[in-house]
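Structure first, then comments.
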Amino acid sequence: MPSLIKKLESFTGKFESPQLAILRSISLFSQIATGELRTIRGLLHQRTYIKGEIVFDEGEEAQAVYFILKGKVIIRRQGMPIDSMIAELGDGQCFGEMALLDDSPRMAQVRAAEDCVLDVLFREDFLILVQTHSQIASKLSLELARMMGDRLRRQTTSGYIL
Amino acid sequence: MRNFREGPRSITWCLIIVATCALLFLFQKILWLVVPFMLALALYHLLSPLSKRLIVAGLSSSFVAAILSGAFLMVLGGTLLLVYPIVIANIGEWQHTMTRYLNGGSAAIEAGIASLQHEYAFLRKTDMSGMVRQNLVSFAEQFSGNNLGNILFTIAAWMPSLLLAPVITYFLLKDGAKLRKFVGSSVPNAYFEKTLYLLYALDRTSRLYFISMLKLALIDAIFLFGGLWLLGVQSPLALGLIAAILGWVPYIGPLLGCALAVIVTATDFPGNISLIYWVIGLFALLRFLDDFLFVPYIVGKSMHIHPLLTLLMFFIGEAIAGVAGLMLVIPILGMVMVIGETMEIIFLDTRLRARHAYANRLHKINASRDFEVHQI
C-alpha cells in the first residue's frame, strides 16, 4: 500500500525521491515545486571533488553556479594563506551565482575543504530555462535576488561577491 | 586566463584548416552517414523554436521530440506517396515539356552561335549549331531511357540513409541535455566548465550556419524574383525559388539555376536574345553579390570566419571532396574552429593543467592513504 501511494504521488508529481529531497535542501530551490525541481535536475551536472581540490580560480571566466549537496568548500583570495578564507560553505548552500547573470571573472578562489559532491547549473542551461520554463526561472531569479541582497548587506564585512 | 573572444593564434588556424581538410577527406568516404546527420542538424535547428514553444505549453521534451520528428516523417512519407503516382502519371507529358524547353534552349544557343559565326569567319567552317542541336535533342529523347532509371535507383539507394535524419533529429531534440551531461561527466573537473562552454559554442555555431543559409536562400529568391519579374520572364517566383534552393550547392547550383531560367526564357520568348543576355546578367550579378558580399558576410561573419578565408575554403573544399566538399566545408570549418579555439585555451592555460595534475596527485594520495599503515 505505501508503495502504491508513492506511485500515485509520483504520478501526480508530489513524490520526492532522495535526490530531489537533497536538491530541496538547497536554499535557491526552496520555493520550487516538486515537478519543477525534476526539470531543474535534468539540467544539473553532478561533480565530485576531493579534499583540497580547486573548484575554480579567482579571475576565471564564470560559466556556472555550484550547489553543495555534500561536503564543505572554502572561499578565499587566491594565493593568500589558508587561514585567510572569506567564508566556508556547507550542505545546501551555493556559490558562484553571479555566473548566471554575466560572464565576469570569478572574484575569489573556491577549494574543497573536504570531499564534496556538487551540482552545477551552467549559465546557458539557465537561459534555456528562462525561455522554456519562465515560472521556474522567475522563482529562481527571485531567490537569487534575495540571496544577492543578503550578500550585499554582508559585503561590508567580507568585501567580496562570488 | 585568456578570453574566448580573442580568436585562435596563427598556428592554431593552420591546424584548424588542416583538420578541416582531413575531415572533409574522411567525410566524403562516409557521405551516407554525414548527409543525414547534417540534414538532422538542420532539421533540429529548424524545429527547435517550435519544440521550445511546445515545452512552454506544458508538454514533456520526450513527447515533443516524438511528435515533431514523427510529424516530419509522416509529411515526408505522405509527400513521397503522393508524388510517386503523379510522377508515373505525368512522366510522358513532362518529357514532352522538357523536350520543348530543351528545343527552345537549343534554338537560343543556335541563334547565339549564328550571330558569332556572322561576326567571326573562322567559326563558319564548323557546324557547331548542328552539333549542339543534335546533342540536346538526343539527350531529351533518350533521357527517360538512359538516366531516369539511374536517378530513381540513386534516390532508392539514398532513402534508407535519408530516413535516418528524422531519427537522429528525434534523439537530438529528446536527449540534447543528456548528451551534454554525458560528455561533461567524462571530463576532468579542471576542464569541465571549458568543455561545457565548447558544447554550447558548437551548438550555437551550427545553428548560426543553418539560419544564415536560410537567410541567404531568402535573399537570393527575393533578388531573382524581383529581377526576373522586372525582365518580364514567366513564373519568376517559381524560378527564383528553385534557383535559390539550387544555390545551396555552391558554384554548381547557381549554374544549374541560371541554365533553367535561360531555357525557360528562350522557349517562352523565342528569338529574343537580348532578354536571355539580361537573364544571364542577372544571375551573374547575383553570383558576384553572393560570392563577394552575401556568403562571406552573412555565412562567414555569423560564424566569425574572415570573408577571404570563407572564399579560400570553398576552393579547398571543392578540390578535396567536389560538390560535397563545397557544401560541407563551411559548417565543418566553423565547428573545428570552435574546438580548436577551446583546445588552444586548455593547452596554453598552464594553470588549468596544473590544477588537473594537482587533482590527480590528490586522488593518488587519497587512494594510497592506508598503505604505510599496512607496512608497519
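Ordered as shown in the C-alpha cells, chains take letters A, B, and onward, while each chain numbers its residues from 1 and ligands are numbered from 1 in the order shown.
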
List every residue of chain A that DSSP, applied to the backbone, labels as strand (DSSP E or B), and write the result as a PyMOL selection string.
chain A and resi 45-49+54-56+61+64-70+73-76+85-89+94-95+105+109-112+116-122

Which chain A residues are at most 8 Å from chain B (counting only C-alpha atoms), as a VMD selection string?
chain A and resid 42 to 47 49 to 56 59 to 61 63 to 64 122 124 131 to 133

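In this comparison, which uses only C-alpha atoms, the residue of A:Met80, A:Met147, A:Ile74, A:Ile128 approaching Ala113 in chain A most closely is A:Ile74.
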
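Computed from the coordinates, the CA of Ala266 in chain B to CA of Phe294 in chain B distance equals 28.9 Å.
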
For Leu39 in chain B: contacts at 8 Å, only C-alpha atoms, fewer than 4 positions along chain excluded, given as a PyMOL selection string
chain B and resi 35+43+165

Filtering to all heavy atoms, could you give me those residues as a PDB file, in the first residue's frame?
```pdb
ATOM      1  N   VAL B  35      25.584  13.019 -44.648  1.00  0.00           N
ATOM      2  CA  VAL B  35      24.446  13.768 -45.208  1.00  0.00           C
ATOM      3  C   VAL B  35      23.217  13.705 -44.292  1.00  0.00           C
ATOM      4  O   VAL B  35      22.657  14.756 -43.949  1.00  0.00           O
ATOM      5  CB  VAL B  35      24.133  13.284 -46.646  1.00  0.00           C
ATOM      6  CG1 VAL B  35      22.827  13.881 -47.155  1.00  0.00           C
ATOM      7  CG2 VAL B  35      25.279  13.670 -47.580  1.00  0.00           C
ATOM      8  N   LEU B  43      17.407  20.163 -39.467  1.00  0.00           N
ATOM      9  CA  LEU B  43      16.028  19.932 -39.016  1.00  0.00           C
ATOM     10  C   LEU B  43      15.895  20.250 -37.522  1.00  0.00           C
ATOM     11  O   LEU B  43      14.900  20.840 -37.089  1.00  0.00           O
ATOM     12  CB  LEU B  43      15.685  18.453 -39.270  1.00  0.00           C
ATOM     13  CG  LEU B  43      14.214  18.079 -39.317  1.00  0.00           C
ATOM     14  CD1 LEU B  43      13.484  18.864 -40.379  1.00  0.00           C
ATOM     15  CD2 LEU B  43      14.063  16.584 -39.590  1.00  0.00           C
ATOM     16  N   ALA B 165      17.674  10.745 -40.934  1.00  0.00           N
ATOM     17  CA  ALA B 165      17.664  12.159 -40.491  1.00  0.00           C
ATOM     18  C   ALA B 165      16.603  12.428 -39.415  1.00  0.00           C
ATOM     19  O   ALA B 165      16.941  12.973 -38.356  1.00  0.00           O
ATOM     20  CB  ALA B 165      17.509  13.097 -41.692  1.00  0.00           C
TER      21      ALA B 165
END
```

In Å, with one decimal, what is the gap from CA of Thr39 in chain A to CA of Ile211 in chain B?
28.3 Å

Would you mind reading off the distance between CA of Ile276 in chain B and CA of Asn90 in chain B, one decimal, in Å?
28.9 Å

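Of the residues under consideration (A:Leu100, A:Gln109, A:Asp119, A:Leu144), A:Gln109 shows the shortest atom-to-atom contact distance to Ser84 in chain A when counting only C-alpha atoms.
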
Need the shell around Ala42 in chain B: protein/DNA/RNA residues with any atom at most 12 Å away, counting only C-alpha atoms. Skip same-chain ones fewer than 6 positions apart. Format as an MDAnalysis selection string?
chainID B and resid 35:36 48 165:166 168:169 172:173 203 205:214 331

Generate a file of the selected residues that holds all heavy atoms, formatted as a compact mmCIF listing (two decimals), in the first residue's frame.
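Result file again-v2.txt:
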```txt
# COMPACT_ATOMS: atom_id res chain seq x y z
N VAL B 35 25.58 13.02 -44.65
CA VAL B 35 24.45 13.77 -45.21
C VAL B 35 23.22 13.70 -44.29
O VAL B 35 22.66 14.76 -43.95
CB VAL B 35 24.13 13.28 -46.65
CG1 VAL B 35 22.83 13.88 -47.16
CG2 VAL B 35 25.28 13.67 -47.58
N PRO B 36 22.78 12.49 -43.85
CA PRO B 36 21.62 12.51 -42.93
C PRO B 36 21.90 13.22 -41.62
O PRO B 36 21.00 13.84 -41.05
CB PRO B 36 21.32 11.02 -42.67
CG PRO B 36 22.46 10.27 -43.18
CD PRO B 36 23.16 11.12 -44.18
N SER B 48 13.71 23.45 -33.39
CA SER B 48 14.00 23.87 -32.01
C SER B 48 13.06 24.95 -31.46
O SER B 48 12.54 24.81 -30.35
CB SER B 48 15.44 24.34 -31.90
OG SER B 48 16.22 23.30 -31.43
N ALA B 165 17.67 10.75 -40.93
CA ALA B 165 17.66 12.16 -40.49
C ALA B 165 16.60 12.43 -39.42
O ALA B 165 16.94 12.97 -38.36
CB ALA B 165 17.51 13.10 -41.69
N PRO B 166 15.31 12.04 -39.65
CA PRO B 166 14.33 12.31 -38.57
C PRO B 166 14.61 11.53 -37.29
O PRO B 166 14.31 12.02 -36.19
CB PRO B 166 12.99 11.88 -39.18
CG PRO B 166 13.23 11.44 -40.54
CD PRO B 166 14.67 11.54 -40.86
N ILE B 168 17.66 10.75 -36.12
CA ILE B 168 18.73 11.49 -35.43
C ILE B 168 18.14 12.77 -34.81
O ILE B 168 18.47 13.13 -33.68
CB ILE B 168 19.90 11.83 -36.40
CG1 ILE B 168 20.52 10.54 -36.94
CG2 ILE B 168 20.98 12.64 -35.70
CD1 ILE B 168 21.50 10.75 -38.07
N THR B 169 17.25 13.44 -35.56
CA THR B 169 16.62 14.67 -35.05
C THR B 169 15.87 14.38 -33.75
O THR B 169 15.94 15.16 -32.80
CB THR B 169 15.64 15.24 -36.10
OG1 THR B 169 16.31 15.36 -37.32
CG2 THR B 169 15.11 16.60 -35.68
N LEU B 172 18.31 14.14 -30.98
CA LEU B 172 18.90 15.45 -30.67
C LEU B 172 17.92 16.30 -29.87
O LEU B 172 18.30 16.98 -28.92
CB LEU B 172 19.29 16.19 -31.95
CG LEU B 172 20.53 15.68 -32.69
CD1 LEU B 172 20.71 16.44 -34.00
CD2 LEU B 172 21.78 15.83 -31.86
N LEU B 173 16.63 16.25 -30.26
CA LEU B 173 15.62 17.03 -29.54
C LEU B 173 15.36 16.47 -28.15
O LEU B 173 15.20 17.20 -27.18
CB LEU B 173 14.30 17.04 -30.33
CG LEU B 173 14.23 17.92 -31.58
CD1 LEU B 173 12.97 17.62 -32.37
CD2 LEU B 173 14.26 19.40 -31.22
N ASP B 203 26.93 24.13 -30.63
CA ASP B 203 25.50 24.19 -30.90
C ASP B 203 25.14 25.53 -31.53
O ASP B 203 24.42 25.60 -32.53
CB ASP B 203 24.75 23.98 -29.57
CG ASP B 203 23.26 23.84 -29.79
OD1 ASP B 203 22.88 22.91 -30.51
OD2 ASP B 203 22.49 24.67 -29.27
N THR B 205 27.18 27.58 -33.11
CA THR B 205 27.82 27.72 -34.43
C THR B 205 26.99 27.03 -35.50
O THR B 205 26.74 27.60 -36.56
CB THR B 205 29.24 27.12 -34.40
OG1 THR B 205 29.97 27.76 -33.37
CG2 THR B 205 29.96 27.30 -35.71
N SER B 206 26.57 25.79 -35.23
CA SER B 206 25.80 25.08 -36.25
C SER B 206 24.45 25.75 -36.47
O SER B 206 23.98 25.84 -37.61
CB SER B 206 25.64 23.59 -35.89
OG SER B 206 24.92 23.45 -34.70
N ARG B 207 23.84 26.28 -35.39
CA ARG B 207 22.55 26.96 -35.54
C ARG B 207 22.72 28.21 -36.41
O ARG B 207 21.95 28.44 -37.34
CB ARG B 207 21.99 27.34 -34.17
CG ARG B 207 20.55 27.84 -34.25
CD ARG B 207 19.98 28.17 -32.90
NE ARG B 207 20.64 29.30 -32.28
CZ ARG B 207 21.25 29.27 -31.10
NH1 ARG B 207 21.26 28.16 -30.40
NH2 ARG B 207 21.83 30.32 -30.60
N LEU B 208 23.78 28.98 -36.12
CA LEU B 208 24.03 30.20 -36.89
C LEU B 208 24.25 29.88 -38.36
O LEU B 208 23.77 30.59 -39.24
CB LEU B 208 25.27 30.92 -36.35
CG LEU B 208 25.06 31.77 -35.10
CD1 LEU B 208 26.39 32.29 -34.59
CD2 LEU B 208 24.13 32.94 -35.40
N TYR B 209 24.95 28.77 -38.64
CA TYR B 209 25.23 28.41 -40.03
C TYR B 209 23.94 28.11 -40.78
O TYR B 209 23.70 28.66 -41.85
CB TYR B 209 26.17 27.19 -40.09
CG TYR B 209 26.36 26.71 -41.51
CD1 TYR B 209 27.16 27.42 -42.39
CD2 TYR B 209 25.70 25.59 -41.98
CE1 TYR B 209 27.31 27.02 -43.69
CE2 TYR B 209 25.84 25.17 -43.28
CZ TYR B 209 26.65 25.88 -44.14
OH TYR B 209 26.78 25.49 -45.43
N PHE B 210 23.10 27.25 -40.19
CA PHE B 210 21.87 26.86 -40.90
C PHE B 210 20.92 28.05 -41.04
O PHE B 210 20.28 28.20 -42.08
CB PHE B 210 21.20 25.68 -40.20
CG PHE B 210 21.97 24.41 -40.37
CD1 PHE B 210 22.55 23.76 -39.29
CD2 PHE B 210 22.17 23.87 -41.63
CE1 PHE B 210 23.28 22.60 -39.45
CE2 PHE B 210 22.90 22.71 -41.81
CZ PHE B 210 23.46 22.08 -40.73
N ILE B 211 20.86 28.89 -40.02
CA ILE B 211 19.99 30.07 -40.12
C ILE B 211 20.51 31.02 -41.20
O ILE B 211 19.73 31.54 -41.99
CB ILE B 211 19.89 30.78 -38.74
CG1 ILE B 211 19.03 29.91 -37.80
CG2 ILE B 211 19.27 32.18 -38.87
CD1 ILE B 211 19.01 30.37 -36.36
N SER B 212 21.84 31.20 -41.24
CA SER B 212 22.39 32.11 -42.25
C SER B 212 22.20 31.55 -43.66
O SER B 212 22.01 32.31 -44.61
CB SER B 212 23.85 32.45 -41.98
OG SER B 212 24.60 31.28 -41.88
N MET B 213 22.22 30.19 -43.80
CA MET B 213 21.97 29.59 -45.13
C MET B 213 20.53 29.84 -45.56
O MET B 213 20.25 30.10 -46.74
CB MET B 213 22.24 28.08 -45.09
CG MET B 213 23.71 27.72 -45.05
SD MET B 213 24.66 28.38 -46.42
CE MET B 213 24.24 27.24 -47.73
N LEU B 214 19.60 29.77 -44.60
CA LEU B 214 18.20 30.05 -44.92
C LEU B 214 18.03 31.52 -45.31
O LEU B 214 17.30 31.84 -46.26
CB LEU B 214 17.31 29.73 -43.71
CG LEU B 214 16.98 28.25 -43.49
CD1 LEU B 214 16.19 28.07 -42.20
CD2 LEU B 214 16.18 27.68 -44.66
N PRO B 331 30.39 24.59 -42.66
CA PRO B 331 29.96 24.11 -41.33
C PRO B 331 31.06 23.33 -40.60
O PRO B 331 31.22 23.48 -39.38
CB PRO B 331 28.74 23.22 -41.61
CG PRO B 331 28.72 22.99 -43.06
CD PRO B 331 29.46 24.11 -43.70
```

Which of range 125-343 of chain B fall in alpha helix (DSSP H), as a PyMOL selection string:
chain B and resi 128-143+149-162+164-185+192-231+236-246+252-268+273-289+301-302+307-343

Neighbouring residues of Asp290 in chain B were defined as those with any atom within 12 Å, considering only C-alpha atoms; residues of the same chain fewer than 2 positions away were excluded. Please report them as number ranges by chain.
B: 213, 215-217, 219-221, 223, 244, 247-248, 250-251, 254, 283-288, 292-300, 307, 311
